[in-house]
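Engineer: Contents of work38.cif (mmCIF, C-alpha atoms) are below:
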```cif
data_final
loop_
_atom_site.label_atom_id
_atom_site.label_comp_id
_atom_site.auth_asym_id
_atom_site.auth_seq_id
_atom_site.Cartn_x
_atom_site.Cartn_y
_atom_site.Cartn_z
CA MET L 15 0.00 0.00 0.00
CA GLU L 16 1.34 3.40 -0.93
CA GLU L 17 2.20 5.61 1.98
CA GLU L 18 1.06 8.90 0.48
CA LYS L 19 -1.00 11.27 2.55
CA ILE L 20 -4.17 12.90 1.31
CA GLY L 21 -4.11 14.02 -2.31
CA ARG L 22 -6.63 15.81 -4.46
CA GLN L 23 -9.19 14.19 -6.67
CA ILE L 24 -9.46 15.48 -10.21
CA THR L 25 -10.11 12.91 -12.91
CA LEU L 26 -13.08 11.87 -14.93
CA PRO L 27 -12.13 11.53 -18.60
CA LEU L 28 -14.78 12.89 -20.94
CA SER L 29 -15.01 9.60 -22.85
CA ASP L 30 -15.96 7.77 -19.66
CA ALA L 31 -18.44 10.44 -18.69
CA VAL L 32 -20.03 10.25 -22.12
CA LYS L 33 -20.29 6.49 -21.86
CA ILE L 34 -21.82 6.57 -18.38
CA SER L 35 -24.44 9.17 -19.23
CA PHE L 36 -25.25 7.51 -22.53
CA ASN L 37 -25.84 4.23 -20.72
CA SER L 38 -28.10 5.84 -18.14
CA LEU L 39 -30.17 7.27 -20.96
CA LYS L 40 -30.33 3.93 -22.68
CA ILE L 41 -31.57 2.08 -19.64
CA ARG L 42 -34.28 4.69 -19.03
CA PHE L 43 -35.13 4.71 -22.71
CA GLY L 44 -38.86 5.19 -22.23
CA ARG L 45 -38.55 8.28 -20.11
CA SER L 46 -35.70 9.69 -22.17
CA LEU L 47 -38.03 9.42 -25.13
CA ILE L 48 -40.67 11.48 -23.34
CA THR L 49 -38.14 14.20 -22.52
CA ILE L 50 -36.85 14.08 -26.07
CA GLY L 51 -40.47 14.26 -27.25
CA GLY L 52 -40.93 17.51 -25.32
CA ILE L 53 -37.88 19.07 -26.98
CA PHE L 54 -38.91 17.58 -30.31
CA LEU L 55 -42.33 19.24 -30.26
CA GLY L 56 -41.11 22.57 -28.92
CA ILE L 57 -38.41 22.82 -31.55
CA ALA L 58 -40.72 21.53 -34.28
CA PHE L 59 -43.06 24.41 -33.50
CA LEU L 60 -40.23 26.95 -33.49
CA VAL L 61 -38.88 25.69 -36.81
CA SER L 62 -42.34 25.58 -38.39
CA VAL L 63 -42.88 29.22 -37.61
CA LEU L 64 -39.42 30.25 -38.83
CA ALA L 65 -39.61 28.13 -41.99
CA SER L 66 -43.12 29.22 -42.90
CA SER L 67 -42.16 32.88 -42.74
CA ALA L 68 -39.08 32.13 -44.87
CA ILE L 69 -41.11 30.28 -47.48
CA SER L 70 -43.79 33.01 -47.51
CA PHE L 71 -41.08 35.58 -48.06
CA SER L 72 -39.56 33.63 -50.94
CA LEU L 73 -43.02 33.35 -52.55
CA ALA L 74 -43.56 37.08 -51.92
CA ILE L 75 -46.63 36.41 -49.78
CA GLU L 76 -47.17 39.19 -47.23
CA ASP L 77 -47.40 37.98 -43.63
CA ASP L 78 -49.98 39.68 -41.48
CA PRO L 79 -47.86 41.60 -38.87
CA ASP L 80 -50.49 40.89 -36.19
CA VAL L 81 -50.14 37.17 -36.76
CA LYS L 82 -46.37 37.47 -36.49
CA VAL L 83 -46.55 38.98 -33.02
CA LYS L 84 -48.91 36.25 -31.88
CA GLN L 85 -46.68 33.58 -33.35
CA THR L 86 -43.61 34.90 -31.59
CA TRP L 87 -45.42 34.83 -28.29
CA LEU L 88 -46.66 31.28 -28.91
CA VAL L 89 -43.14 30.14 -29.77
CA ILE L 90 -41.76 31.62 -26.56
CA LEU L 91 -44.50 29.96 -24.52
CA SER L 92 -43.98 26.60 -26.15
CA LEU L 93 -40.26 26.75 -25.49
CA LEU L 94 -40.89 27.61 -21.83
CA VAL L 95 -43.20 24.61 -21.54
CA CYS L 96 -40.46 22.56 -23.09
CA VAL L 97 -37.87 23.73 -20.51
CA LEU L 98 -40.21 22.99 -17.63
CA GLY L 99 -40.88 19.54 -19.03
CA ILE L 100 -37.18 18.80 -19.19
CA MET L 101 -36.67 20.09 -15.66
CA ASN L 102 -39.48 17.94 -14.38
CA SER L 103 -38.19 14.79 -15.98
CA MET L 104 -34.63 15.51 -14.88
CA LEU L 105 -35.79 16.04 -11.29
CA MET L 106 -37.50 12.66 -11.44
CA SER L 107 -34.37 11.13 -12.81
CA VAL L 108 -32.34 12.64 -9.95
CA THR L 109 -34.76 11.42 -7.30
CA GLU L 110 -34.71 7.97 -8.78
CA ARG L 111 -30.94 7.95 -8.68
CA TYR L 112 -30.26 9.32 -5.19
CA LYS L 113 -28.62 6.08 -4.21
CA GLU L 114 -26.60 5.85 -7.36
CA ILE L 115 -25.34 9.41 -6.92
CA GLY L 116 -24.52 8.71 -3.27
CA THR L 117 -22.61 5.60 -4.30
CA MET L 118 -20.67 7.48 -6.95
CA LYS L 119 -19.67 10.06 -4.38
CA CYS L 120 -18.54 7.31 -2.03
CA LEU L 121 -16.35 5.96 -4.80
CA GLY L 122 -14.66 9.33 -5.19
CA ALA L 123 -16.86 11.32 -7.55
CA LEU L 124 -16.64 15.07 -7.16
CA ASP L 125 -19.74 17.25 -7.25
CA LYS L 126 -18.76 18.45 -10.68
CA PHE L 127 -18.65 14.87 -12.05
CA VAL L 128 -22.28 14.46 -11.08
CA VAL L 129 -23.21 17.77 -12.72
CA GLU L 130 -21.18 16.80 -15.78
CA LEU L 131 -23.03 13.51 -16.16
CA PHE L 132 -26.44 15.16 -15.98
CA ILE L 133 -25.48 17.92 -18.39
CA LEU L 134 -24.16 15.38 -20.87
CA GLU L 135 -27.45 13.53 -20.68
CA ALA L 136 -29.26 16.79 -21.35
CA VAL L 137 -27.01 17.54 -24.31
CA PHE L 138 -27.70 14.13 -25.88
CA GLN L 139 -31.41 14.57 -25.38
CA GLY L 140 -31.22 18.10 -26.75
CA ILE L 141 -29.38 17.03 -29.90
CA VAL L 142 -31.66 14.13 -30.71
CA GLY L 143 -34.87 15.97 -29.85
CA SER L 144 -34.09 19.20 -31.64
CA LEU L 145 -32.64 17.56 -34.77
CA GLY L 146 -35.69 15.35 -35.07
CA GLY L 147 -38.04 18.18 -34.21
CA SER L 148 -36.59 20.63 -36.71
CA LEU L 149 -36.69 18.07 -39.55
CA PHE L 150 -40.26 17.20 -38.64
CA GLY L 151 -41.25 20.87 -38.51
CA ILE L 152 -39.65 21.69 -41.85
CA ILE L 153 -41.11 18.72 -43.64
CA GLY L 154 -44.55 19.55 -42.23
CA VAL L 155 -44.44 23.20 -43.25
CA THR L 156 -43.08 22.38 -46.70
CA ILE L 157 -45.87 19.90 -47.34
CA ALA L 158 -48.48 22.41 -46.16
CA TYR L 159 -47.14 25.06 -48.57
CA LEU L 160 -46.89 22.53 -51.40
CA VAL L 161 -50.55 21.65 -51.00
CA LYS L 162 -51.57 25.30 -50.96
CA ASN L 163 -49.21 26.84 -53.51
CA GLY L 164 -48.07 23.97 -55.73
CA PHE L 165 -44.60 23.36 -57.09
CA LYS L 166 -43.38 26.92 -57.15
CA VAL L 167 -42.60 26.38 -53.46
CA ILE L 168 -39.84 23.98 -54.53
CA VAL L 169 -38.60 26.30 -57.22
CA TYR L 170 -38.20 29.22 -54.83
CA TYR L 171 -37.28 27.08 -51.82
CA PRO L 172 -35.15 29.17 -49.41
CA ILE L 173 -32.75 26.31 -48.73
CA ILE L 174 -29.92 28.35 -47.18
CA LYS L 175 -32.25 30.05 -44.74
CA ILE L 176 -33.84 26.71 -43.81
CA ILE L 177 -30.49 25.08 -43.12
CA PHE L 178 -29.55 28.08 -41.01
CA TYR L 179 -32.81 27.73 -39.07
CA ILE L 180 -32.16 24.04 -38.45
CA PHE L 181 -28.75 24.89 -37.09
CA ILE L 182 -30.13 27.67 -34.86
CA SER L 183 -32.92 25.43 -33.59
CA VAL L 184 -30.56 22.61 -32.67
CA VAL L 185 -28.43 25.07 -30.73
CA ILE L 186 -31.54 26.47 -29.01
CA GLY L 187 -32.73 22.91 -28.26
CA ILE L 188 -29.43 21.98 -26.62
CA VAL L 189 -29.28 25.21 -24.64
CA LEU L 190 -32.86 24.81 -23.38
CA SER L 191 -32.21 21.20 -22.46
CA VAL L 192 -29.13 22.18 -20.47
CA ILE L 193 -30.99 25.05 -18.78
CA GLY L 194 -33.70 22.58 -17.77
CA CYS L 195 -31.20 20.21 -16.20
CA ILE L 196 -28.97 22.65 -14.35
CA TYR L 197 -31.10 22.93 -11.24
CA PRO L 198 -31.72 19.16 -10.92
CA ALA L 199 -28.05 18.43 -11.56
CA TYR L 200 -26.96 20.98 -9.00
CA LYS L 201 -29.37 19.52 -6.49
CA ALA L 202 -28.04 16.03 -7.16
CA SER L 203 -24.43 17.06 -6.79
CA LYS L 204 -24.91 18.86 -3.47
CA MET L 205 -26.30 15.84 -1.66
CA VAL L 206 -24.34 14.56 1.31
CA PRO L 207 -23.55 10.93 0.48
CA ALA L 208 -24.87 9.67 3.80
CA GLU L 209 -28.17 11.38 3.14
CA ALA L 210 -28.36 10.08 -0.40
CA MET L 211 -27.78 6.51 0.75
CA ARG L 212 -30.44 6.73 3.43
CA THR L 213 -33.15 7.54 0.94
CA GLU L 214 -35.27 4.59 0.03
CA VAL L 215 -36.93 5.12 -3.33
CA MET A 11 -2.14 -6.81 13.59
CA VAL A 12 0.55 -5.67 11.22
CA ALA A 13 1.82 -2.63 13.04
CA TYR A 14 0.71 -0.45 15.90
CA GLU A 15 -0.40 2.45 13.84
CA SER A 16 -3.88 3.81 14.15
CA VAL A 17 -5.84 4.04 10.92
CA VAL A 18 -8.96 5.46 12.45
CA ARG A 19 -9.23 7.57 15.55
CA VAL A 20 -12.54 8.93 16.76
CA LYS A 21 -12.40 11.55 19.49
CA ASP A 22 -15.40 12.73 21.51
CA VAL A 23 -17.68 12.52 18.52
CA LYS A 24 -21.21 13.73 19.01
CA LYS A 25 -23.91 13.91 16.40
CA ILE A 26 -27.19 15.68 16.86
CA PHE A 27 -29.93 15.47 14.26
CA ARG A 28 -32.46 18.28 14.41
CA MET A 29 -35.92 17.39 13.28
CA GLY A 30 -38.03 20.49 13.66
CA THR A 31 -37.85 21.36 17.33
CA ILE A 32 -36.77 17.90 18.43
CA GLU A 33 -33.09 17.12 18.87
CA VAL A 34 -32.02 13.54 18.43
CA HIS A 35 -28.67 12.69 19.98
CA ALA A 36 -27.50 9.90 17.70
CA LEU A 37 -23.97 9.85 19.10
CA ARG A 38 -23.14 11.06 22.61
CA GLY A 39 -19.37 11.24 22.74
CA ILE A 40 -17.68 8.29 21.06
CA ASN A 41 -14.00 7.55 21.51
CA LEU A 42 -12.25 4.76 19.73
CA GLN A 43 -9.04 3.89 18.01
CA ILE A 44 -8.56 1.27 15.33
CA GLU A 45 -5.16 -0.15 14.42
CA LYS A 46 -3.95 -1.04 10.97
CA GLY A 47 -4.94 -4.53 9.87
CA GLU A 48 -7.61 -5.09 12.48
CA TYR A 49 -10.98 -6.68 11.80
CA ILE A 50 -13.48 -4.64 13.79
CA SER A 51 -17.17 -5.15 14.30
CA ILE A 52 -19.38 -2.37 15.50
CA MET A 53 -22.34 -4.11 17.07
CA GLY A 54 -25.53 -2.69 18.39
CA PRO A 55 -29.29 -2.78 18.06
CA SER A 56 -30.93 -0.68 15.37
CA GLY A 57 -31.20 2.92 16.42
CA SER A 58 -28.07 2.64 18.55
CA GLY A 59 -26.16 5.01 16.31
CA LYS A 60 -23.87 2.50 14.65
CA SER A 61 -24.75 3.54 11.12
CA THR A 62 -24.22 7.18 12.09
CA LEU A 63 -20.82 6.25 13.50
CA PHE A 64 -20.09 4.31 10.33
CA ASN A 65 -20.90 7.39 8.24
CA MET A 66 -18.61 9.55 10.40
CA ILE A 67 -15.69 7.14 10.03
CA GLY A 68 -16.24 6.99 6.30
CA GLY A 69 -16.29 10.76 5.90
CA LEU A 70 -19.83 10.51 4.58
CA ASP A 71 -21.24 12.79 7.24
CA LYS A 72 -19.80 15.41 9.57
CA PRO A 73 -19.89 15.19 13.36
CA THR A 74 -21.64 17.95 15.28
CA GLU A 75 -18.78 17.90 17.78
CA GLY A 76 -15.51 16.03 18.06
CA LYS A 77 -12.98 14.83 15.54
CA VAL A 78 -12.48 11.89 13.23
CA TYR A 79 -8.96 11.11 12.09
CA ILE A 80 -8.17 8.81 9.17
CA ASP A 81 -4.46 8.06 9.02
CA GLU A 82 -4.00 10.86 11.54
CA VAL A 83 -5.61 13.39 9.21
CA ASP A 84 -8.58 15.32 10.57
CA VAL A 85 -11.40 14.60 8.14
CA ALA A 86 -13.19 17.87 8.98
CA GLN A 87 -10.21 19.84 7.65
CA LEU A 88 -10.39 18.34 4.17
CA ASP A 89 -11.87 20.22 1.25
CA ALA A 90 -14.16 18.59 -1.31
CA PHE A 91 -11.29 17.46 -3.54
CA GLU A 92 -9.37 15.88 -0.70
CA LEU A 93 -12.47 14.25 0.69
CA ALA A 94 -13.23 12.72 -2.70
CA TRP A 95 -9.64 11.51 -2.90
CA LEU A 96 -9.97 9.94 0.54
CA ARG A 97 -13.18 8.14 -0.42
CA CYS A 98 -11.65 7.04 -3.66
CA ARG A 99 -8.33 5.63 -2.47
CA LYS A 100 -8.21 5.22 1.27
CA ILE A 101 -11.61 3.74 1.95
CA GLY A 102 -13.63 1.02 0.25
CA TYR A 103 -17.33 1.00 1.05
CA ILE A 104 -19.65 -1.98 1.18
CA PHE A 105 -23.35 -1.55 1.79
CA GLN A 106 -26.23 -3.66 2.95
CA THR A 107 -28.04 -3.07 -0.31
CA PHE A 108 -24.89 -3.63 -2.43
CA ASN A 109 -25.41 -0.30 -4.26
CA LEU A 110 -23.98 -1.38 -7.57
CA ILE A 111 -24.76 0.98 -10.42
CA PRO A 112 -27.53 -0.86 -12.29
CA VAL A 113 -26.65 0.46 -15.74
CA MET A 114 -23.10 -0.90 -15.55
CA THR A 115 -21.71 -4.41 -15.84
CA ALA A 116 -19.80 -6.03 -12.99
CA ALA A 117 -16.50 -5.04 -14.57
CA GLU A 118 -17.60 -1.45 -15.18
CA ASN A 119 -18.78 -1.14 -11.59
CA ILE A 120 -15.38 -2.25 -10.36
CA MET A 121 -13.62 0.01 -12.83
CA LEU A 122 -15.49 3.12 -11.74
CA PRO A 123 -13.34 3.98 -8.69
CA MET A 124 -10.23 3.27 -10.78
CA VAL A 125 -11.46 5.64 -13.47
CA PHE A 126 -11.94 8.27 -10.77
CA ALA A 127 -8.39 7.50 -9.62
CA GLY A 128 -7.06 8.21 -13.09
CA LEU A 129 -6.15 4.70 -14.26
CA SER A 130 -6.31 4.04 -17.98
CA HIS A 131 -9.15 1.96 -19.33
CA ASP A 132 -6.90 -1.05 -20.01
CA GLU A 133 -5.27 -0.99 -16.60
CA ALA A 134 -8.63 -0.71 -14.92
CA LEU A 135 -10.07 -3.54 -16.99
CA ALA A 136 -7.16 -5.86 -16.18
CA LYS A 137 -7.40 -5.03 -12.50
CA SER A 138 -11.15 -5.59 -12.42
CA ALA A 139 -10.68 -9.05 -13.93
CA GLU A 140 -8.09 -9.82 -11.28
CA LEU A 141 -10.37 -8.56 -8.48
CA LEU A 142 -13.32 -10.55 -9.78
CA SER A 143 -11.26 -13.71 -9.63
CA ILE A 144 -10.18 -12.86 -6.06
CA VAL A 145 -13.81 -12.71 -5.00
CA GLY A 146 -14.59 -15.88 -6.96
CA LEU A 147 -16.55 -14.44 -9.86
CA GLU A 148 -14.40 -15.19 -12.88
CA GLY A 149 -16.38 -15.05 -16.08
CA ARG A 150 -19.01 -12.67 -14.73
CA MET A 151 -17.37 -9.51 -16.01
CA ASN A 152 -20.12 -8.62 -18.43
CA HIS A 153 -23.08 -9.42 -16.23
CA LYS A 154 -25.33 -6.61 -15.11
CA PRO A 155 -26.16 -6.51 -11.38
CA SER A 156 -29.72 -7.60 -12.16
CA GLU A 157 -28.31 -10.81 -13.63
CA LEU A 158 -26.46 -11.69 -10.44
CA SER A 159 -27.68 -13.15 -7.14
CA GLY A 160 -27.50 -11.16 -3.90
CA GLY A 161 -24.33 -12.91 -2.78
CA GLN A 162 -22.72 -12.38 -6.17
CA GLN A 163 -23.66 -8.71 -6.15
CA GLN A 164 -22.08 -8.30 -2.74
CA ARG A 165 -18.92 -9.98 -4.07
CA VAL A 166 -18.82 -7.48 -6.90
CA ALA A 167 -19.30 -4.72 -4.33
CA ILE A 168 -16.36 -6.10 -2.34
CA ALA A 169 -14.23 -6.21 -5.47
CA ARG A 170 -15.22 -2.61 -6.17
CA ALA A 171 -14.31 -1.63 -2.60
CA LEU A 172 -10.83 -3.13 -3.17
CA ALA A 173 -10.31 -1.39 -6.51
CA ASN A 174 -7.81 1.24 -5.41
CA ASP A 175 -6.12 -0.87 -2.71
CA PRO A 176 -7.72 1.01 0.17
CA ALA A 177 -6.34 0.96 3.68
CA ILE A 178 -9.79 0.51 5.13
CA ILE A 179 -12.88 -1.40 4.12
CA LEU A 180 -16.03 -0.03 5.69
CA ALA A 181 -18.94 -2.41 5.56
CA ASP A 182 -22.42 -1.37 6.68
CA GLU A 183 -24.45 -4.49 7.44
CA PRO A 184 -22.76 -6.40 4.61
CA THR A 185 -24.74 -9.55 5.36
CA GLY A 186 -28.04 -7.84 6.15
CA ASN A 187 -29.72 -8.72 2.85
CA LEU A 188 -28.21 -12.18 2.45
CA ASP A 189 -29.26 -15.62 3.61
CA LEU A 190 -27.31 -17.41 6.34
CA LYS A 191 -24.98 -19.41 4.11
CA THR A 192 -24.21 -16.60 1.68
CA GLY A 193 -23.72 -14.27 4.63
CA LYS A 194 -21.12 -16.64 6.07
CA GLU A 195 -19.33 -16.81 2.75
CA ILE A 196 -19.17 -13.04 2.55
CA ILE A 197 -17.82 -12.83 6.11
CA MET A 198 -15.15 -15.43 5.33
CA LEU A 199 -14.22 -13.54 2.17
CA LEU A 200 -13.81 -10.31 4.13
CA LYS A 201 -11.72 -12.11 6.72
CA ARG A 202 -9.54 -13.64 4.02
CA LEU A 203 -8.93 -10.25 2.42
CA ASN A 204 -8.18 -8.84 5.85
CA LYS A 205 -5.50 -11.49 6.39
CA GLU A 206 -4.04 -11.63 2.89
CA LYS A 207 -4.05 -7.96 2.00
CA GLY A 208 -3.73 -6.57 5.51
CA VAL A 209 -6.66 -4.27 4.86
CA THR A 210 -8.45 -2.97 7.95
CA VAL A 211 -12.05 -4.12 7.95
CA ILE A 212 -14.63 -2.19 9.94
CA SER A 213 -18.16 -3.41 9.77
CA ALA A 214 -21.30 -2.12 11.39
CA THR A 215 -23.53 -5.10 11.92
CA HIS A 216 -25.89 -6.96 14.15
CA ASP A 217 -25.00 -10.28 12.58
CA LEU A 218 -23.60 -12.46 15.35
CA LYS A 219 -21.70 -14.56 12.79
CA MET A 220 -19.29 -11.62 12.60
CA LEU A 221 -18.18 -12.15 16.20
CA ASP A 222 -16.11 -15.20 15.34
CA VAL A 223 -13.82 -13.44 12.91
CA SER A 224 -13.53 -10.04 14.59
CA ASP A 225 -10.36 -9.02 16.38
CA ARG A 226 -12.29 -6.54 18.48
CA ILE A 227 -15.95 -5.76 18.90
CA PHE A 228 -17.32 -2.35 19.83
CA TRP A 229 -20.75 -2.60 21.38
CA ILE A 230 -22.72 0.57 20.83
CA ARG A 231 -25.81 1.47 22.76
CA ASP A 232 -27.66 4.78 22.86
CA GLY A 233 -24.91 6.55 20.99
CA GLN A 234 -22.12 5.47 23.31
CA VAL A 235 -19.54 2.72 23.35
CA GLU A 236 -20.96 0.34 25.92
CA LYS A 237 -18.01 -2.04 25.93
CA VAL A 238 -15.07 -3.17 23.81
CA GLU A 239 -14.35 -6.87 23.64
CA GLN A 240 -11.28 -8.69 22.39
CA ARG A 241 -11.97 -11.77 20.34
CA SER A 242 -10.61 -14.00 23.11
CA GLU A 243 -13.19 -12.66 25.54
CA VAL A 244 -16.13 -13.49 23.34
CA LYS A 245 -17.92 -16.67 24.25
CA LEU A 246 -18.37 -18.66 21.09
CA GLU A 247 -21.84 -19.88 21.66
CA VAL A 248 -23.25 -18.72 18.38
CA GLY A 249 -22.39 -21.90 16.53
CA ASN A 250 -19.24 -22.49 14.57
CA VAL A 251 -18.53 -20.61 11.39
CA GLY A 252 -18.01 -23.41 8.91
CA GLY A 253 -14.48 -24.79 8.47
CA GLU A 254 -11.37 -23.66 10.19
CA GLU A 255 -11.48 -20.12 11.44
CA GLY A 256 -9.78 -17.31 9.59
#
```
Can the structure in the file be given as C-alpha cells, please?
Structural biologist:
Amino acid sequence: MEEEKIGRQITLPLSDAVKISFNSLKIRFGRSLITIGGIFLGIAFLVSVLASSAISFSLAIEDDPDVKVKQTWLVILSLLVCVLGIMNSMLMSVTERYKEIGTMKCLGALDKFVVELFILEAVFQGIVGSLGGSLFGIIGVTIAYLVKNGFKVIVYYPIIKIIFYIFISVVIGIVLSVIGCIYPAYKASKMVPAEAMRTEV
Amino acid sequence: MVAYESVVRVKDVKKIFRMGTIEVHALRGINLQIEKGEYISIMGPSGSGKSTLFNMIGGLDKPTEGKVYIDEVDVAQLDAFELAWLRCRKIGYIFQTFNLIPVMTAAENIMLPMVFAGLSHDEALAKSAELLSIVGLEGRMNHKPSELSGGQQQRVAIARALANDPAIILADEPTGNLDLKTGKEIIMLLKRLNKEKGVTVISATHDLKMLDVSDRIFWIRDGQVEKVEQRSEVKLEVGNVGGEEG
C-alpha cells in the first residue's frame, strides 16, 4: 500500500463520462423518449414558424404583422413549456438515482462529475430531440405550402435560410435542455452521500 | 495486527440530528481507536447510532462535535477534492443493499473507482478481472447486477471496494440482505482479504456470525460505546462458522 498522505481528486475523462451518461439514458429509454419528445415538439413548432415565414417571403406572400406577433409569443410559450418539461423529468431522474449518486460520491466522484453527467445527458437529449423536431417541422411546413401553392414552393425554396434555421434550432434545443437540467443536476451534486444513501426510493 | 499504527481515531464525537424542534442525539461522545490490519465489528441494536458512526468514520457525514482522524488526518479539515480523494483511495465501502450501479456491468462497476483515480481503461479492466477472480466471480465480467444473485452482487461490491487498494474497508451491514450461508461466505471472504491484504475491515452489523472473525468488537448502545471486547473474551456460543477459522 502506498504511503502517500491525502491528495486531491481530479479525474473523470470525458469519454468515460459520455459512456456513463449515454448508458443511463439507454436504460431509461422510455422516459428519455418522453423528454426528447418535449424538446422535439417545442423545436418543431419553433422551426415551423421560422420556416413558414421564410417560405412566404420567398413566394412574396405578405405575412400579417399581427399574426407574427402572436406567433412569436406562442413560440416563446412553447419553449418555456419545453424547458419545464425537461426540468421535471430531470428532477425525477435525480430522485430515482439518489442512491446511485450517493454511491458514486462514495467511490470518489466530485460534485462536478455528477453535474457533468447530468449535463451530458441533457445535451444528448437536446441534440436528438431538436434535430428530429426541426426536420419534422420543416417537412410539415413544406408539405403544407406545397398543398396550398403547388410546385413553385420547390422552385423558390429558401434552402440556405432553412439550413440556417435548423442549425439555430438545434443550438436552441441543446441550450434549453441544459438550462432545464442545471437545477436538478446541481441539487443532485450537493447531496451529502450519507443522506443520499439513506433515501429509500 | 501488522503494526501499531492507528488508521482510524474517533475523538469525543457527538452527532445531533435536528428534526423540527426535536433534537435527536444519535452519538453522545464516542472515543475509539482502530489499528492497521484489524478486523473490527461495531455491534448494536438498530437505532443505537452504529450507522451514524459508520458514516462519520467513512467521511460521509460530519460530526456535530468532536474529531475523526483517518491516518492521523482530521477529516473535517479536508476540502471537497481531498475528501473525494480519501473516499476514492483510502476507503472502500460496502453496503447492505450492495449499491452497484444498475446500468453498468460487474467489470464497469469495479472500474469506476479506478477511473476516478485516473487509471487508464486497459489498466482498470485488467485489474477488475483480477479482483473478480479474487472474490470468486471469474467469467461474470459482463453481467449486469440484475443478472447476479445477492451474494454475487455483494462480491462485486467487495471487489469494487478493493479497486484502489484502500487501507480501510467499511462495511455497513454487509450480510443484512443475504441468507445465512451466503452471509457466512461473505464474512469469510472479508476475513480472508483482511488477512491476505492486511486491509483494515470495519463493519457495522448486528449479525452475530461476525463475532467469530472479529479481532475486536465495539458494542454501541444509545450513541455510546458500551463495551469493547477482544476476540478472546467473546464466548463462542453462536455456533461455529463453517471450516477452520480465519
Engineer: What does the distance between CA of Lys201 in chain A and CA of Gly186 in chain A come to in Å, to one decimal place?
Structural biologist: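 Atom-to-atom, CA of Lys201 in chain A to CA of Gly186 in chain A, that is 16.9 Å.
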Engineer: Which of these residues is nearest to Leu190 in chain L, using all atoms listed in the file: L:Leu26, L:Cys120, L:Val83, L:Ile133?
Structural biologist: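 Distance minimum relative to Leu190 in chain L lands on L:Ile133.
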Engineer: Written as a list in words, which residues does the PyMOL selection byres ((chain A) within 6 of (chain L)) give for the file shown?
Structural biologist: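 That expression, the PyMOL selection byres ((chain A) within 6 of (chain L)), corresponds here to Leu70, Asp71, Phe91, Glu92, Ala94, Trp95, Arg97, Cys98, Pro123, Phe126 and Gly128 of chain A.
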Engineer: Run the PyMOL selection byres ((chain L and resi 57) around 7) mentally over the shown coordinates, then write out the matched residues as a list in words, using the chain letters and numbers from the document.
Structural biologist: Ile53, Phe54, Leu55, Gly56, Ala58, Phe59, Leu60, Val61, Ser144, Gly147, Ser148, Ser183 and Gly187 of chain L
Engineer: Using only C-alpha atoms, collect all residues at a distance of at most 12 Å from (-11.4, -12.5, -7.3) as written in the file, then present them as a PyMOL selection string.
Structural biologist: chain A and resi 117+120+136-151+162+165-170+172-173+199-200+202-203
Engineer: Any idea what the distance is between CA of Gly160 in chain A and CA of Asn187 in chain A?
Structural biologist: 7.5 Å
Engineer: Measuring between all atoms listed in the file, which one of L:Ser72, L:Ser62, L:Thr109, L:Ser29 shows the shortest distance to Leu149 in chain L?
Structural biologist: L:Ser62
Engineer: If I take CA of Ser58 in chain A and CA of Ser213 in chain A, how far is one from the other in Å, to one decimal?
Structural biologist: 14.6 Å
Engineer: Apply the PyMOL selection byres ((chain L and resi 97) around 12) to the structure shown and report the selected residues as an NGL selection string.
Structural biologist: :L and (49-57 or 90-96 or 98-104 or 136 or 140 or 186-197)
Engineer: Name all residues at most 9 Å from Gln164 in chain A (count all atoms listed in the file; drop same-chain ones fewer than 3 positions away) and give them as a list in words.
Structural biologist: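 Near neighbours after the sequence-gap exclusion: Ile104, Phe105, Gln106, Thr107, Phe108, Asn109, Leu110, Ser159, Gly160, Gly161, Ala167, Ile168, Ala169, Pro184, Thr185, Leu188 and Ile196 of chain A.
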Engineer: Ranking A:Leu37, A:Glu133, A:Pro55, A:Val18 by minimum distance to Val78 in chain A and counting all atoms listed in the file, which one comes first?
Structural biologist: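 Among the listed residues, A:Val18 lies closest to Val78 in chain A.
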